[in-house]
Structure formats: C-alpha cells, structure tokens
Amino acid sequence: MTKPILFAVLAIAVAPILLPIAGLSINVGMLVSVGALIGFMSGLLGVGGGFLMTPILMMIGVPPTVAAASDTNAIVATSASGVAAHFRLKNVDLKMGGVCLIGGLVGSAVGVQVIKFLRGLGNADLFITFMYIVVLGGVGSFTVRDSLKKLRRGVMVQKAPRRRRGFRVLERLPFKTEFPRSGVEHSVLVPFGLCFLVGVMTAVMGVGGGFIMVPMMVYLLRMPAHVAVGTDLFQILFTCMGATLMQAAANHTVDVVLAILIAAGSTIGAQLGARVSRHLRGEQLLIVLGVLALAVGLKMAVGIVLPPSNLLSGAGGHAALRTADTHAVLAQMWDATRSFVWH
Amino acid sequence: MALKSENALRERSCAARAGVRRRAVMWLLVFGLLACACPFAAALEPVAIPLKLSPETIEMATFYNGAPIRMEGTAPNGSQVMVVLRGVEKDELFNKKGRVGPIWINTDKVHVTGTPSLFLRFSSEDVHTFLSRDMIDAYALDEASIKKRMHIRTSKGQPDPQYWEVLANSYLDLKKSDGNYRRVADRVHVTQGADGLTHYTLAFNWPKTAPPGSYQIEVYACRDGAIIGHGGTVLRLVEVGFPAFMVNMAHTHPYGYGLLAVLMAVIGGFGIDAIASRLRGGRRRTPGKRVPVPEPEQVRAASARHSGH
C-alpha cells in the first residue's frame, strides 16, 4: 500500500508542469522543495520570504514580474498556515496586529510618495541600496549582539528592562491600551507610529518588512519574540492579500499554478517552522533572524563593491523589481483609497 | 547618269551590310552581358527551397515539457544547409551598472530594439567554411550581424559610439549566457539523393522554457560562399486546455482571477494547518519551552520599580 503511494508521489515530483502566466514548463518537485524551504523560514522567524523566493524563481527562468507577483500570492498561503499554527499556540496578538496593519498601510502610502520624490532627484537606487545595507546590517548586528548577551546571562524576557528617557516619553502618550496577548501596555500611538515608520521603510525598500518588524516589536514594543513572529505573520497575511489582488488586476502577472505549487511546499514548511520555533528560546530565534539579516546585508554590500559579470541586467532585477512592483501596487492602493475618501 | 545611280546603290548596300554587322555586334554584346549577369542574378535571388516542419503548431497543455521538432526538405545539389529560428523582435529594457566611487550601482536605463528575442542557428558545417562574411551580414546570420541592426537608446538619448559598443557587447553576452542566442554546427544532416538534390533533416527538442508565440524558421542552402536557396515557415506555440483557460481568465476577468488566487491561497493555507493539526491530534502535546508571557500587572510593577516610581 505504501509503495504505490510513494511511486505516485515520486511521479508527481518529477513531472513537468506548464505555468500558464509565466508561459514555461518547470518541474513540480523543484517548486515544492523551494517553497518548503522558504515556508520553514517563514514559520520559524515570521519573515515573508519574498526576498529569497523571487530571485530563486528568476534563476529557474520565471519572468521577474510573474515571479514577484506569484510569490506574493504564495506568501498569502504560507502566512495563513503560519498564522493558524501560531494562533493555536496563542502567539498572535490580533489587537496589536490590527493597529500595526493600519500603521503599516498608512506608512506605505507615504513611502510611495517618498520614493517618487527620490526618483525625481535621480538618486533613488543609490539611496535604496544604502538603506538596505544600513538597516539590515544595523538590525542584524543589534539583534545578534543583544540575543547573545541574554543567552550568556541566561535571562529570559520576563525581566522588565530599564527604561530610557525616550521610553518614558512614549509612556506618557495618550490613548493607553492593554495588549493582553503580548502582555504589554502602550499608547495606541506607539505601535501605530512605529509600524508607520516601518511601513515607510518597507515601501522605499520594496520588501515585506518582517526583518524590521519582528525586532521592532521585540525591542521597542517589548513583545515576546514568539508573539512578535505570530503577529507579524498576521500582518503579512493581509498586506499580501491586498498586493495579490492589485497585481492580478493591474498587471495580470499572478500565476496561480506557480503560487499553488510554491504554497504546497511552503505551507507544510511553515507548519514545521512554527513547531520548531516552540522548541527554541526567543533569543535563539532572534539570533537566527539576525544572522539572516546580516547575511543578506553582507551579500548586498559585497555585490555593490565587486565588478558585475555583465553591465546590463533585466530592469526587473530583484531589488529594483520588488521596489517597483510594491510601489506600483501601493500607488494604486493609495490612489484608490484617496478617491474613495475624497469623492 | 547610269554610273551615278549604280554607285549610289552600291553605297546603300554597303551601309546596309555595316548596319547588320553593328546590330549583330550589339546583340552579341547584350547576350554576353546577360550571360555574365546570370550567376549574380542567381545569387541575388535565391531559389525557393521546400521546408517540411513537424509539428507546425506546438500545443502547450498542463503537462507540457517541450516538444520534439523535425524539419526536412531538399536543396540544390552540393549545397550546405543552415536553419535559423528567430523569436519576435521586441523592446527590451535593462538597468546599466556604473561605478560611483568604490561601488557599482544602476546608473542608467537602456532600451534595446531591432534584435530577435530568440536566435538559434543550426548548420551542416561551420558556417564560416561555406558562407562569406558579406552574406552572413546581409541575412543577419550571427551575433555580429545582429549587432549591426541593433538600436540602443539610453535615458540620456543616443549613446556615443564607444559607449554604444560596450552596451551592445554586454547585451549579446547576456543573451548568450541566458541561452537565448545559440549556434550549433554539424547538427543539420545532409545527404546527396539519387534525384540530384541535397536532402536535409534537422531534429531537436524545442526548449521548454520558450514562451508561447510565433517563431520564424528559415532554411538557407549555400554554395560557393553564396546563398542559393531560401525557404521559411512559422512555428506557433499556443497554450491549450487549462493553461489557456487561466490565461484567458487572468486577462478578461482580472479581479475575479485575483480574488480566486487569494481565496485559494487562504483556503490552502488554513487547510494544510487543519490537516497538520488533525494528524497531531491523537498525540499528547508536549509543553515545549515557550517563554511564559508576563501579566500586564507584573510588567507595570517591574517597569515602575526600574524607573524609580
């Protein structure tokens, strides 16, 4: 009984499949495996995984615009699976997630205008590249250093850290509310403002923001790392749902077959990631996230110093593409919201 | 009087004979020129040669994995045969990297037009052994000749010749490294038939990554450095069945398609989670090492202690 099932699974894994929108044939097993790897990271660390998935898809021949849009669609499935798993583990703070989602969306709309201004000045690409390196390097090194320190001390997050003057100012802000799931109390303006800033940065950089959002939730909002991961996934779920709809409507570049295959792997990977995260301490999770951020930042830094193998690259290259696509989608969302509110 | 008229007649007949001779010489010259011009005329106007393509249309269904292609036909006796496949020409946009201080960043946008999206050349021998450079250029049969037809425009307008050369070479290198521009010698099989004609066949697997569309297929018969025969047809790649349905829906009902994509992803994500939790249902859950979440009162008290209030 097991053998026929095994053979059937193997046959499907090696079977080629035509991706209708991408217009090319790719091996099923390869797409599912790539999805599983990215999904595992997503479930473990609360990052969307788009920064890795899009270049991998481009490497195997998927046109850049289709890769980015379909990847966003697959992240919907991955984050839905991850959110469900984290929700059962009581790791999702819906109240905080809702506030962050609104703050992030407003910030993204402002970020679109910022990048328009920078493009007008003609230095947007340079600015974006530096922002990537500085933010990823800064967040990564701080996260790794702090988590290592805590691990060495053997201190868990229950100990309330000494508040600096800036934090005391934040504590005096109005509209204080409790976030019971996260075990913190803040003025609504604090998570809103911070998520607004992250929204601006992610719009300028063209990434989902998991890298920045999780450390920010842990260090500035004092949320437990596991809850930060679950809540970030909750926010990513809604952002990517909107982005998928807009990409499908505006660019016709969402390949559902490609997204389903990636998602088939990534949802299972996300489940495994969420389960593994239960067996790791918050500091250990943050170290993994920090090392990953540092690795990506380092790769970008090396990439801009070494001479390229070819002076030309597709105008849909990863960073540029994600930035351009996110801007296009956010610009449409912004215009739609503006016309809805004002007319 | 009679002598005068006799002389006049003799002069007239002499003049007539001279006219006939002149006309004969003229006709001879004309025939001579025509005879000399015939080979050039043949070189300028290659004869049509048959090309049988199988299949003429490749249907891309759900489990499409490329397709075997076979071409065959006949060419004039003693000729070498070359088959060229070209994708449609389209405007391509690239980022151009430049050095600013110690770093390399995108400094320019480059538009390239006038080049085929795909260029595959198969021949019975190395092309340079049976075709002159002029002929290769005239029919755009290699990358160097494609380069001559290339149009490049940057965000600042037309590049200067030196910059143009750098961009054109980078473009061709990119195409070759992507596998979109390829040349394969000794792939077309030629045999001399009893009918005094050269029979050619070419079989290869159509690349499965080539997108749907129309592809121009050209066959050239070459001899003595010139192209003496030319034929062509169009190969069509079309999506059918489920892929065609999806493409059609994505373009005709984009919002419905987008909603479907989101719903499928959400249902799939929650579905996998439900299956995973059911599979784990029978087992006793281990408590894990999850960090206990402090109560808000504890946080406030600890915060107050540390801030000195």
# chains A, B, ... in the order shown; residues from 1 in each chain; ligands from 1

call {"tool": "closest_atom_pairs", "arguments": {"of": "chain A", "to": "chain B", "cutoff": "7 Å", "atoms": "only C-alpha atoms", "output": "CSV"}}
result
residue,atom,partner,partner_atom,distance
A:Pro16,CA,B:Phe63,CA,5.7
A:Ile17,CA,B:Phe63,CA,4.5
A:Leu18,CA,B:Thr62,CA,5.2
A:Pro20,CA,B:Pro243,CA,4.6
A:Ile21,CA,B:Val247,CA,6.0
A:Gly23,CA,B:Pro211,CA,5.0
A:Leu24,CA,B:Thr209,CA,4.7
A:Ser25,CA,B:Lys208,CA,5.7
A:Asn73,CA,B:Val262,CA,6.6
A:Ala74,CA,B:Ala265,CA,6.6
A:Val76,CA,B:Ala265,CA,5.8
A:Ala77,CA,B:Ala265,CA,4.3
A:Thr78,CA,B:Gly269,CA,5.9
A:Ala80,CA,B:Gly269,CA,5.0
A:Ser81,CA,B:Gly269,CA,4.2
A:Ala84,CA,B:Asp273,CA,6.5
A:Ala85,CA,B:Asp273,CA,6.4
A:Asp125,CA,B:Asn106,CA,6.7
A:Leu126,CA,B:Ile105,CA,6.6
A:Gln158,CA,B:Pro294,CA,6.2
A:Ala160,CA,B:Ala302,CA,5.6
A:Arg162,CA,B:His306,CA,5.4
A:Arg163,CA,B:Ser307,CA,6.3
A:Pro180,CA,B:Pro296,CA,6.9
A:Gly183,CA,B:Pro296,CA,5.0
A:Val184,CA,B:Pro296,CA,5.7
A:Glu185,CA,B:Pro296,CA,6.9
A:Met241,CA,B:Val262,CA,6.1
A:Thr244,CA,B:Gly258,CA,6.5
A:Leu245,CA,B:Gly258,CA,4.7
A:Ala248,CA,B:Gly258,CA,4.9
A:Ala249,CA,B:Pro254,CA,4.7
A:His252,CA,B:Ala250,CA,5.8
A:Val256,CA,B:Ala261,CA,5.9
A:Thr267,CA,B:Gly269,CA,5.9
A:Ile268,CA,B:Ile272,CA,6.9
A:Gln271,CA,B:Asp273,CA,6.9
A:Arg278,CA,B:Arg290,CA,5.7
A:His279,CA,B:Lys289,CA,5.5
A:Leu280,CA,B:Lys289,CA,6.8
A:Arg281,CA,B:Arg290,CA,6.8
A:Ile304,CA,B:Trp104,CA,4.8
A:Val305,CA,B:Ile103,CA,4.6
A:Pro307,CA,B:Trp104,CA,6.7
A:Asn310,CA,B:Ser170,CA,6.1
A:Leu311,CA,B:Lys97,CA,5.1
A:Leu312,CA,B:Lys96,CA,4.7
A:Ser313,CA,B:Asn95,CA,5.3
A:Gly314,CA,B:Phe94,CA,4.7
A:Ala315,CA,B:Phe94,CA,4.4

call {"tool": "select_by_dssp", "arguments": {"residues": "segment 27-117 of chain B", "states": "helix (DSSP H, G or I)", "output": "ChimeraX atom specification"}}
result
/B:27-44

call {"tool": "atom_distance", "arguments": {"atom1": "atom CA of Gln158 of chain B", "atom2": "atom CA of Lys176 of chain B"}}
result
24.4 Å

call {"tool": "residues_around", "arguments": {"residues": "Arg70 of chain B", "least_positions_apart": "5", "cutoff": "7 Å", "atoms": "only C-alpha atoms", "output": "PyMOL selection string"}}
result
chain B and resi 53-54+202-204

call {"tool": "write_last_selection", "arguments": {"atoms": "N, CA and C atoms", "output": "short mmCIF file (atom, residue, chain, number, x, y, z; two decimals), in the first residue's frame"}}
result
data_model
loop_
_atom_site.label_atom_id
_atom_site.label_comp_id
_atom_site.auth_asym_id
_atom_site.auth_seq_id
_atom_site.Cartn_x
_atom_site.Cartn_y
_atom_site.Cartn_z
N LEU B 53 7.91 21.10 -41.84
CA LEU B 53 8.07 21.22 -40.40
C LEU B 53 7.05 20.35 -39.69
N SER B 54 7.50 19.61 -38.71
CA SER B 54 6.58 18.75 -37.99
C SER B 54 6.87 18.81 -36.49
N LEU B 202 16.70 17.97 -39.83
CA LEU B 202 17.13 18.53 -38.55
C LEU B 202 16.12 18.11 -37.49
N ALA B 203 16.59 17.50 -36.44
CA ALA B 203 15.70 17.10 -35.34
C ALA B 203 16.28 17.63 -34.03
N PHE B 204 15.44 18.24 -33.22
CA PHE B 204 15.89 18.73 -31.91
C PHE B 204 14.69 18.92 -31.00
#

call {"tool": "select_by_dssp", "arguments": {"residues": "segment 10-172 of chain A", "states": "strand (DSSP E)", "output": "PyMOL selection string"}}
result
chain A and resi 16-19+24-27

call {"tool": "residues_around", "arguments": {"residues": "Val296 of chain A", "least_positions_apart": "4", "cutoff": "8 Å", "atoms": "only C-alpha atoms", "output": "PDB file with C-alpha atoms, in the first residue's frame"}}
result
ATOM      1  CA  LEU A 136      19.800  45.028   7.551  1.00  0.00           C
ATOM      2  CA  LEU A 292      19.989  36.014   8.188  1.00  0.00           C
ATOM      3  CA  MET A 300      24.376  43.304  -0.873  1.00  0.00           C
TER       4      MET A 300
END

call {"tool": "atom_distance", "arguments": {"atom1": "atom CA of Val144 of chain A", "atom2": "atom CA of Gly103 of chain A"}}
result
26.8 Å

call {"tool": "residues_around", "arguments": {"residues": "segment 120-124 of chain B", "least_positions_apart": "2", "cutoff": "10 Å", "atoms": "only C-alpha atoms", "output": "number ranges by chain"}}
result
B: 79-87, 118, 126-127, 130, 141-142, 179-190, 200-202, 204, 217-220

call {"tool": "atom_distance", "arguments": {"atom1": "atom CA of Val99 of chain A", "atom2": "atom CA of Phe192 of chain A"}}
result
5.8 Å

call {"tool": "decode", "arguments": {"residues": "segment 251-266 of chain A", "atoms": "N, CA and C atoms", "output": "tab-separated table (two decimals), in the first residue's frame"}}
result
chain	number	residue	atom	x	y	z
A	251	ASN	N	-1.60	44.20	-13.42
A	251	ASN	CA	-0.51	43.70	-14.28
A	251	ASN	C	-0.76	42.32	-14.88
A	252	HIS	N	-1.77	41.60	-14.44
A	252	HIS	CA	-2.08	40.23	-14.92
A	252	HIS	C	-0.86	39.32	-14.79
A	253	THR	N	-0.12	39.47	-13.72
A	253	THR	CA	1.12	38.70	-13.61
A	253	THR	C	1.09	37.63	-12.52
A	254	VAL	N	-0.08	37.42	-11.90
A	254	VAL	CA	-0.16	36.39	-10.86
A	254	VAL	C	-0.38	35.03	-11.53
A	255	ASP	N	0.56	34.11	-11.32
A	255	ASP	CA	0.42	32.76	-11.87
A	255	ASP	C	-0.07	31.85	-10.75
A	256	VAL	N	-1.36	31.52	-10.80
A	256	VAL	CA	-1.96	30.75	-9.71
A	256	VAL	C	-1.32	29.36	-9.58
A	257	VAL	N	-1.00	28.73	-10.71
A	257	VAL	CA	-0.40	27.39	-10.66
A	257	VAL	C	0.95	27.45	-9.96
A	258	LEU	N	1.74	28.43	-10.33
A	258	LEU	CA	3.05	28.62	-9.70
A	258	LEU	C	2.88	28.87	-8.19
A	259	ALA	N	1.94	29.75	-7.86
A	259	ALA	CA	1.70	30.09	-6.46
A	259	ALA	C	1.25	28.87	-5.67
A	260	ILE	N	0.37	28.05	-6.26
A	260	ILE	CA	-0.15	26.86	-5.56
A	260	ILE	C	0.99	25.88	-5.26
A	261	LEU	N	1.86	25.69	-6.25
A	261	LEU	CA	2.95	24.73	-6.06
A	261	LEU	C	3.94	25.21	-4.99
A	262	ILE	N	4.25	26.49	-5.04
A	262	ILE	CA	5.16	27.03	-4.01
A	262	ILE	C	4.47	26.92	-2.65
A	263	ALA	N	3.18	27.29	-2.65
A	263	ALA	CA	2.43	27.29	-1.38
A	263	ALA	C	2.31	25.87	-0.82
A	264	ALA	N	2.16	24.87	-1.72
A	264	ALA	CA	2.05	23.48	-1.25
A	264	ALA	C	3.26	23.12	-0.41
A	265	GLY	N	4.43	23.56	-0.86
A	265	GLY	CA	5.65	23.30	-0.08
A	265	GLY	C	5.75	24.21	1.11
A	266	SER	N	5.43	25.50	0.89
A	266	SER	CA	5.70	26.48	1.95
A	266	SER	C	4.73	26.36	3.13
